[in-house]
>>> print(open('protein.cif').read())   # mmCIF, C-alpha atoms
data_data
#
loop_
_atom_site.label_atom_id
_atom_site.label_comp_id
_atom_site.auth_asym_id
_atom_site.auth_seq_id
_atom_site.Cartn_x
_atom_site.Cartn_y
_atom_site.Cartn_z
CA MET A 604 -3.14 21.54 18.80
CA ARG A 605 -2.49 18.12 17.39
CA ILE A 606 0.89 17.96 15.76
CA ARG A 607 1.62 15.74 12.79
CA ASP A 608 4.67 13.64 13.26
CA GLU A 609 6.06 11.71 10.33
CA SER A 610 7.87 9.12 12.39
CA LYS A 611 4.63 8.41 14.25
CA GLU A 612 2.81 7.99 10.98
CA ALA A 613 5.49 5.62 9.70
CA ALA A 614 5.25 3.57 12.89
CA ILE A 615 1.48 3.29 12.49
CA ARG A 616 1.88 2.17 8.88
CA GLU A 617 4.48 -0.47 9.69
CA LYS A 618 2.41 -1.87 12.57
CA ALA A 619 -0.69 -1.99 10.38
CA ILE A 620 1.15 -3.91 7.67
CA GLU A 621 2.51 -6.31 10.26
CA MET A 622 -0.98 -6.94 11.69
CA ILE A 623 -2.55 -7.49 8.29
CA VAL A 624 0.17 -9.90 7.19
CA LYS A 625 -0.27 -11.84 10.43
CA GLU A 626 -4.05 -11.79 10.83
CA GLY A 627 -5.53 -10.70 7.52
CA PHE A 628 -7.62 -7.64 6.82
CA ASP A 629 -10.26 -8.68 9.33
CA GLY A 630 -7.62 -8.68 12.02
CA LEU A 631 -7.12 -4.96 11.69
CA SER A 632 -9.15 -2.60 13.81
CA MET A 633 -8.19 0.93 14.70
CA GLN A 634 -8.31 0.03 18.40
CA LYS A 635 -5.97 -2.92 18.04
CA LEU A 636 -3.68 -0.96 15.80
CA ALA A 637 -3.55 1.91 18.26
CA LYS A 638 -2.55 -0.44 21.04
CA ALA A 639 0.10 -2.15 18.93
CA ALA A 640 1.57 1.13 17.69
CA ASN A 641 1.41 2.58 21.18
CA VAL A 642 -0.72 5.56 20.22
CA SER A 643 -4.33 6.47 20.90
CA PRO A 644 -7.02 5.74 18.29
CA ALA A 645 -7.49 9.49 17.95
CA THR A 646 -3.91 9.80 16.76
CA ILE A 647 -4.52 7.34 13.94
CA TYR A 648 -7.44 9.43 12.73
CA LEU A 649 -5.13 12.39 12.56
CA TYR A 650 -3.40 10.74 9.61
CA PHE A 651 -6.13 8.56 8.14
CA LYS A 652 -9.77 9.34 7.49
CA ASN A 653 -11.03 5.87 8.30
CA ARG A 654 -10.10 2.23 8.04
CA GLU A 655 -10.69 2.21 4.29
CA ASP A 656 -8.47 5.23 3.79
CA LEU A 657 -5.77 3.63 5.91
CA LEU A 658 -5.79 0.48 3.77
CA ASN A 659 -5.63 2.44 0.52
CA GLN A 660 -2.83 4.63 1.76
CA LEU A 661 -0.90 1.59 2.93
CA TYR A 662 -1.12 0.02 -0.50
CA ASN A 663 -0.24 3.19 -2.39
CA GLY A 664 2.69 3.82 -0.07
CA ILE A 665 4.06 0.32 -0.50
CA ASP A 666 3.55 0.45 -4.24
CA LYS A 667 5.53 3.67 -4.46
CA VAL A 668 8.49 2.15 -2.65
CA PHE A 669 8.24 -0.94 -4.84
CA ALA A 670 8.42 1.17 -8.01
CA LYS A 671 11.29 3.21 -6.67
CA GLU A 672 13.34 0.18 -5.67
CA THR A 673 12.68 -1.93 -8.74
CA LEU A 674 13.22 0.90 -11.21
CA LYS A 675 16.52 1.89 -9.63
CA ASP A 676 19.05 2.56 -12.45
CA PHE A 677 16.51 1.09 -14.87
CA ASN A 678 15.45 2.60 -18.16
CA PRO A 679 12.80 1.10 -20.47
CA ASP A 680 15.10 1.81 -23.42
CA MET A 681 17.69 -0.64 -22.14
CA HIS A 682 18.47 -3.66 -24.23
CA LEU A 683 16.57 -6.78 -23.29
CA GLU A 684 19.38 -8.68 -21.65
CA GLU A 685 20.81 -5.77 -19.70
CA GLY A 686 17.43 -4.47 -18.57
CA LEU A 687 16.05 -7.85 -17.61
CA TRP A 688 19.12 -8.74 -15.56
CA LEU A 689 18.83 -5.46 -13.69
CA GLN A 690 15.16 -6.26 -13.02
CA TRP A 691 16.12 -9.62 -11.57
CA LYS A 692 18.66 -8.06 -9.26
CA ASN A 693 16.39 -5.20 -8.20
CA ARG A 694 13.40 -7.43 -7.58
CA PHE A 695 15.41 -9.91 -5.55
CA ALA A 696 16.86 -7.08 -3.49
CA TYR A 697 13.36 -5.71 -2.91
CA HIS A 698 12.07 -9.09 -1.75
CA MET A 699 14.89 -9.34 0.75
CA LYS A 700 14.50 -5.81 2.03
CA TYR A 701 10.69 -5.77 2.38
CA PRO A 702 9.36 -9.29 2.89
CA GLN A 703 6.30 -8.01 4.78
CA HIS A 704 5.40 -5.63 1.99
CA ILE A 705 5.39 -8.44 -0.53
CA HIS A 706 2.88 -10.39 1.55
CA PHE A 707 0.73 -7.34 2.03
CA MET A 708 0.67 -6.55 -1.69
CA GLU A 709 -0.35 -10.11 -2.53
CA GLN A 710 -3.14 -10.07 0.04
CA PHE A 711 -4.35 -6.73 -1.19
CA ARG A 712 -4.32 -7.67 -4.85
CA ASN A 713 -6.24 -10.85 -4.13
CA SER A 714 -9.00 -8.90 -2.39
CA PRO A 715 -11.71 -6.58 -3.72
CA LEU A 716 -9.85 -3.71 -2.08
CA ILE A 717 -7.70 -3.45 -5.18
CA ASN A 718 -10.68 -2.12 -7.15
CA HIS A 719 -11.03 0.98 -5.01
CA LYS A 720 -10.96 4.27 -6.91
CA ASP A 721 -8.16 5.58 -4.72
CA ILE A 722 -5.77 2.84 -5.85
CA LYS A 723 -3.48 4.33 -8.42
CA GLU A 724 -1.74 2.77 -11.37
CA ASN A 725 1.95 3.08 -10.88
CA ILE A 726 4.87 4.05 -13.08
CA PHE A 727 6.29 0.58 -12.69
CA LYS A 728 3.66 -1.02 -14.91
CA GLN A 729 4.16 1.63 -17.52
CA ALA A 730 7.94 1.20 -17.53
CA MET A 731 7.62 -2.58 -17.85
CA GLY A 732 5.18 -2.26 -20.73
CA ASN A 733 7.52 0.05 -22.58
CA PHE A 734 10.49 -2.19 -21.91
CA PHE A 735 8.63 -5.15 -23.39
CA ARG A 736 7.44 -3.24 -26.47
CA ASN A 737 10.91 -1.80 -27.10
CA ALA A 738 12.47 -5.24 -27.10
CA VAL A 739 9.90 -6.45 -29.63
CA LYS A 740 10.32 -3.34 -31.76
CA ARG A 741 14.09 -3.73 -31.84
CA ASN A 742 13.58 -7.30 -32.91
CA GLU A 743 15.55 -8.52 -29.90
CA MET A 744 13.10 -11.20 -29.02
CA HIS A 745 10.30 -13.33 -30.37
CA GLU A 746 6.95 -11.68 -30.24
CA LEU A 747 5.22 -13.54 -27.45
CA PRO A 748 1.95 -12.87 -25.65
CA VAL A 749 2.88 -10.73 -22.68
CA GLU A 750 1.83 -13.46 -20.20
CA VAL A 751 4.14 -15.96 -21.88
CA PHE A 752 6.91 -13.39 -21.87
CA TRP A 753 6.37 -12.78 -18.17
CA ALA A 754 6.37 -16.50 -17.35
CA ILE A 755 9.70 -17.02 -19.07
CA ALA A 756 11.27 -13.71 -18.12
CA TYR A 757 10.35 -13.66 -14.42
CA GLY A 758 8.86 -17.04 -13.55
CA PRO A 759 12.27 -18.62 -12.86
CA LEU A 760 13.27 -15.71 -10.63
CA TYR A 761 10.16 -15.92 -8.46
CA THR A 762 10.49 -19.68 -8.14
CA LEU A 763 14.05 -19.27 -6.89
CA ILE A 764 13.00 -16.49 -4.51
CA LYS A 765 10.36 -18.83 -3.11
CA PHE A 766 12.97 -21.52 -2.46
CA HIS A 767 15.25 -18.92 -0.94
CA SER A 768 12.57 -17.61 1.40
CA ALA A 769 11.64 -21.15 2.45
CA LYS A 770 15.39 -21.85 2.79
CA LYS A 771 14.81 -25.09 0.95
CA SER A 772 13.76 -26.41 -2.43
CA LEU A 773 10.89 -28.73 -3.33
CA MET A 774 13.15 -31.71 -2.81
CA GLY A 775 13.80 -30.53 0.73
CA ASN A 776 17.38 -29.57 0.00
CA LYS A 777 18.80 -26.54 1.71
CA PHE A 778 18.79 -23.63 -0.67
CA VAL A 779 20.27 -20.15 -0.70
CA LEU A 780 19.91 -17.94 -3.74
CA THR A 781 23.30 -16.55 -4.66
CA GLU A 782 23.98 -14.20 -7.54
CA GLU A 783 25.75 -17.04 -9.31
CA ARG A 784 22.68 -19.27 -9.17
CA MET A 785 20.49 -16.40 -10.18
CA LYS A 786 22.72 -15.81 -13.18
CA GLN A 787 22.51 -19.49 -14.21
CA ALA A 788 18.74 -19.31 -14.31
CA PHE A 789 18.84 -15.93 -16.01
CA ASP A 790 21.12 -17.17 -18.79
CA ALA A 791 18.71 -20.00 -19.56
CA ALA A 792 15.71 -17.67 -19.53
CA ILE A 793 17.29 -15.04 -21.76
CA LYS A 794 18.33 -17.72 -24.22
CA GLY A 795 14.70 -18.70 -24.53
CA LEU A 796 13.54 -15.16 -25.12
CA LYS A 797 16.19 -13.75 -27.40
CA LYS A 798 16.24 -14.03 -31.12
CA LYS A 799 19.43 -15.52 -32.43
CA MET B 714 7.22 20.13 2.56
CA GLU B 715 4.23 19.87 4.84
CA ASP B 716 1.47 22.26 3.90
CA VAL B 717 -0.60 23.98 6.54
CA LYS B 718 -2.74 21.31 8.08
CA THR B 719 -6.27 21.58 9.25
CA GLU B 720 -7.00 20.65 12.81
CA VAL B 721 -8.56 17.21 13.15
CA LEU B 722 -11.20 16.52 15.80
CA VAL B 723 -12.07 12.93 16.61
CA PHE B 724 -15.14 11.61 18.45
CA ARG B 725 -16.61 8.34 19.55
CA THR B 726 -20.30 8.16 18.57
CA ASP B 727 -23.26 5.82 18.16
CA ILE B 728 -24.03 6.99 14.64
CA VAL B 729 -24.57 3.76 12.76
CA GLY B 730 -26.89 3.70 9.80
CA LYS B 731 -27.51 5.56 6.58
CA SER B 732 -30.42 7.59 7.96
CA ASP B 733 -28.27 8.69 10.89
CA ASN B 734 -25.77 9.83 8.35
CA GLU B 735 -28.41 11.90 6.56
CA ASN B 736 -29.43 13.66 9.76
CA LEU B 737 -25.84 14.43 10.43
CA LYS B 738 -25.29 15.78 6.95
CA GLN B 739 -27.80 18.50 7.66
CA ILE B 740 -26.15 19.82 10.80
CA LEU B 741 -22.60 19.41 9.58
CA LYS B 742 -23.29 21.68 6.62
CA ASP B 743 -21.39 24.26 8.57
CA SER B 744 -19.01 26.61 6.81
CA ARG B 745 -16.50 26.14 9.59
CA ILE B 746 -16.20 22.43 8.77
CA LYS B 747 -13.89 21.65 5.88
CA ASN B 748 -14.42 17.91 5.78
CA TRP B 749 -16.03 15.25 7.87
CA ASN B 750 -16.59 11.52 7.77
CA ILE B 751 -17.63 8.62 9.94
CA ASP B 752 -15.68 5.41 10.09
CA GLN B 753 -18.59 2.97 9.78
CA GLN B 754 -16.25 0.01 9.94
CA ASP B 755 -15.01 0.97 13.36
CA ILE B 756 -16.68 -0.13 16.59
CA ASP B 757 -16.46 3.42 17.92
CA HIS B 758 -18.20 4.82 14.80
CA VAL B 759 -15.59 7.50 14.85
CA LEU B 760 -16.66 10.92 13.66
CA ARG B 761 -13.75 12.79 12.19
CA ILE B 762 -13.98 16.51 11.56
CA GLU B 763 -11.51 18.80 9.87
CA SER B 764 -11.98 22.32 11.11
CA ASN B 765 -9.79 25.13 12.33
CA GLU B 766 -12.60 27.10 13.83
CA MET B 767 -14.68 24.69 15.86
CA SER B 768 -13.97 23.43 19.32
CA PRO B 769 -14.68 19.84 20.35
CA ALA B 770 -17.34 21.12 22.76
CA GLU B 771 -19.22 22.81 19.93
CA VAL B 772 -19.24 19.65 17.86
CA ILE B 773 -20.41 17.56 20.80
CA GLU B 774 -23.23 20.00 21.44
CA MET B 775 -24.37 19.90 17.80
CA VAL B 776 -24.34 16.12 17.59
CA THR B 777 -25.84 15.35 20.99
CA LYS B 778 -28.70 17.75 20.22
CA LEU B 779 -29.71 15.28 17.52
CA GLY B 780 -29.88 12.60 20.18
CA TYR B 781 -26.63 10.82 19.46
CA MET B 782 -23.89 9.93 21.81
CA CYS B 783 -20.73 11.87 21.06
CA GLU B 784 -17.61 12.17 23.11
CA GLU B 785 -14.12 13.22 22.24
CA LEU B 786 -11.57 10.45 21.78
CA PRO B 787 -8.65 11.26 24.01
CA GLU B 788 -5.27 11.60 22.40
#
>>> encode(input="protein.cif", output="structure tokens")
Amino acid sequence: MRIRDESKEAAIREKAIEMIVKEGFDGLSMQKLAKAANVSPATIYLYFKNREDLLNQLYNGIDKVFAKETLKDFNPDMHLEEGLWLQWKNRFAYHMKYPQHIHFMEQFRNSPLINHKDIKENIFKQAMGNFFRNAVKRNEMHELPVEVFWAIAYGPLYTLIKFHSAKKSLMGNKFVLTEERMKQAFDAAIKGLKKK
Amino acid sequence: MEDVKTEVLVFRTDIVGKSDNENLKQILKDSRIKNWNIDQQDIDHVLRIESNEMSPAEVIEMVTKLGYMCEELPE
């Protein structure tokens, strides 16, 4: 009798993510993965139907963690400034905690794999949509196209995260993203979004 | 909570194309088999069968009768 073992499954998932981030989707075969995760190929098929199923499950699993971490203490009814600041903090924390996952998600979203029927829409998107609409409805901010909103609301954060991850800025200066620096950028962004 | 899981049997095969798949469909229409699939993207063309009632030997017999290679992947 083959026994399912959650820690084994988690190890297989983490190894697979690592391999894909390092070598791309083509770099992942069940045989290589089995070797890297120190299990037999048969064991992988215990948890995943095939390579396609493995990839989809990896994405859905990562996406679930992403939603859970970024929506921590968050409520779409929050006021713009409070809610957005919490999003900045949560998203930064997520980037620090799961750098591999971020790479994987980007690779996946830039590939046709994202169109698979087994890829689910997550609650995160829904919460963010509601948060945006609430802020407009309450007249807290100018009514902007959602892409423009996103660019102003989150663009600065992701630029700073990029510098932080590279440990330096475009000018080659050493850079570490502290909460104080994050708050400076946030204050400028929120000023641009909010109605007086 | 983990629900009751079906036994998974895993085989290395040389089942490659669509027509092979069709042949297989016929013989795997067995009430003892809950689900089956072949990983076409894998070099071992892994046949995966979910069944609580079949033994690996029975599956191997069924598939090899059709003229395919089929051997159990060791755990």
>>> interface_residues(input="protein.cif", of="chain A", to="chain B", cutoff="6 Å", atoms="all atoms listed in the file", output="PyMOL selection string")
chain A and resi 643+645+649+653
>>> resolve_selection(input="protein.cif", expression="the PyMOL selection byres ((chain A and resi 765) around 12)", output="JSON, numbers by chain")
{"A": [695, 698, 699, 702, 705, 758, 759, 760, 761, 762, 763, 764, 766, 767, 768, 769, 770, 771, 772, 773, 778, 779, 780]}
>>> residues_around(input="protein.cif", residues="A:Ile647", least_positions_apart="3", cutoff="10 Å", atoms="all atoms listed in the file", output="list of chain:residue names")
A:Lys611, A:Glu612, A:Ile615, A:Arg616, A:Met633, A:Gln634, A:Leu636, A:Ala637, A:Ala640, A:Val642, A:Ser643, A:Pro644, A:Tyr650, A:Phe651, A:Lys652, A:Asn653, A:Arg654, A:Leu657, B:Val723, B:Glu788
>>> atom_distance(input="protein.cif", atom1="atom CA of A:Phe752", atom2="atom CA of A:Lys723")
24.6 Å
>>> resolve_selection(input="protein.cif", expression="the PyMOL selection byres ((chain B and resi 740) around 10)", output="ChimeraX atom specification")
/B:735-739,741-743,772,775-776,778-779
>>> atom_distance(input="protein.cif", atom1="atom CA of A:Asn776", atom2="atom CA of A:His706")
24.1 Å
>>> residues_around(input="protein.cif", residues="A:Gln729", least_positions_apart="5", cutoff="10 Å", atoms="all atoms listed in the file", output="mmCIF file with C-alpha atoms, in the coordinates of the input")
data_model
loop_
_atom_site.group_PDB
_atom_site.id
_atom_site.type_symbol
_atom_site.label_atom_id
_atom_site.label_comp_id
_atom_site.auth_asym_id
_atom_site.auth_seq_id
_atom_site.Cartn_x
_atom_site.Cartn_y
_atom_site.Cartn_z
ATOM 1 C CA PRO A 679 12.800 1.100 -20.470
ATOM 2 C CA GLU A 724 -1.740 2.770 -11.370
ATOM 3 C CA PHE A 734 10.490 -2.190 -21.910
#
>>> atom_distance(input="protein.cif", atom1="atom CA of B:Ser732", atom2="atom CA of B:Ile746")
20.6 Å
>>> resolve_selection(input="protein.cif", expression="the PyMOL selection byres ((chain A and resi 739) around 12)", output="list in words")
Asp680, His682, Leu683, Gly732, Asn733, Phe734, Phe735, Arg736, Asn737, Ala738, Lys740, Arg741, Asn742, Glu743, Met744, His745, Glu746, Leu747, Pro748, Val749, Phe752, Leu796, Lys797 and Lys798 of chain A
>>> residues_near_point(input="protein.cif", point="(21.0, 1.0, -10.7)", cutoff="12 Å", atoms="all atoms listed in the file", output="list in words")
Lys671, Glu672, Thr673, Leu674, Lys675, Asp676, Phe677, Asn678, Glu685, Gly686, Trp688, Leu689, Gln690, Trp691, Lys692, Asn693, Arg694 and Ala696 of chain A
>>> write_last_selection(input="protein.cif", atoms="C-alpha atoms", output="mmCIF file, in the coordinates of the input")
data_model
loop_
_atom_site.group_PDB
_atom_site.id
_atom_site.type_symbol
_atom_site.label_atom_id
_atom_site.label_comp_id
_atom_site.auth_asym_id
_atom_site.auth_seq_id
_atom_site.Cartn_x
_atom_site.Cartn_y
_atom_site.Cartn_z
ATOM 1 C CA LYS A 671 11.290 3.210 -6.670
ATOM 2 C CA GLU A 672 13.340 0.180 -5.670
ATOM 3 C CA THR A 673 12.680 -1.930 -8.740
ATOM 4 C CA LEU A 674 13.220 0.900 -11.210
ATOM 5 C CA LYS A 675 16.520 1.890 -9.630
ATOM 6 C CA ASP A 676 19.050 2.560 -12.450
ATOM 7 C CA PHE A 677 16.510 1.090 -14.870
ATOM 8 C CA ASN A 678 15.450 2.600 -18.160
ATOM 9 C CA GLU A 685 20.810 -5.770 -19.700
ATOM 10 C CA GLY A 686 17.430 -4.470 -18.570
ATOM 11 C CA TRP A 688 19.120 -8.740 -15.560
ATOM 12 C CA LEU A 689 18.830 -5.460 -13.690
ATOM 13 C CA GLN A 690 15.160 -6.260 -13.020
ATOM 14 C CA TRP A 691 16.120 -9.620 -11.570
ATOM 15 C CA LYS A 692 18.660 -8.060 -9.260
ATOM 16 C CA ASN A 693 16.390 -5.200 -8.200
ATOM 17 C CA ARG A 694 13.400 -7.430 -7.580
ATOM 18 C CA ALA A 696 16.860 -7.080 -3.490
#
>>> axis_aligned_box(input="protein.cif", around="stretch 658-662 of chain A", padding_each_side="8 Å", output="AutoDock Vina command-line options")
--center_x -3.3 --center_y 2.3 --center_z 1.6 --size_x 20.9 --size_y 20.6 --size_z 20.3
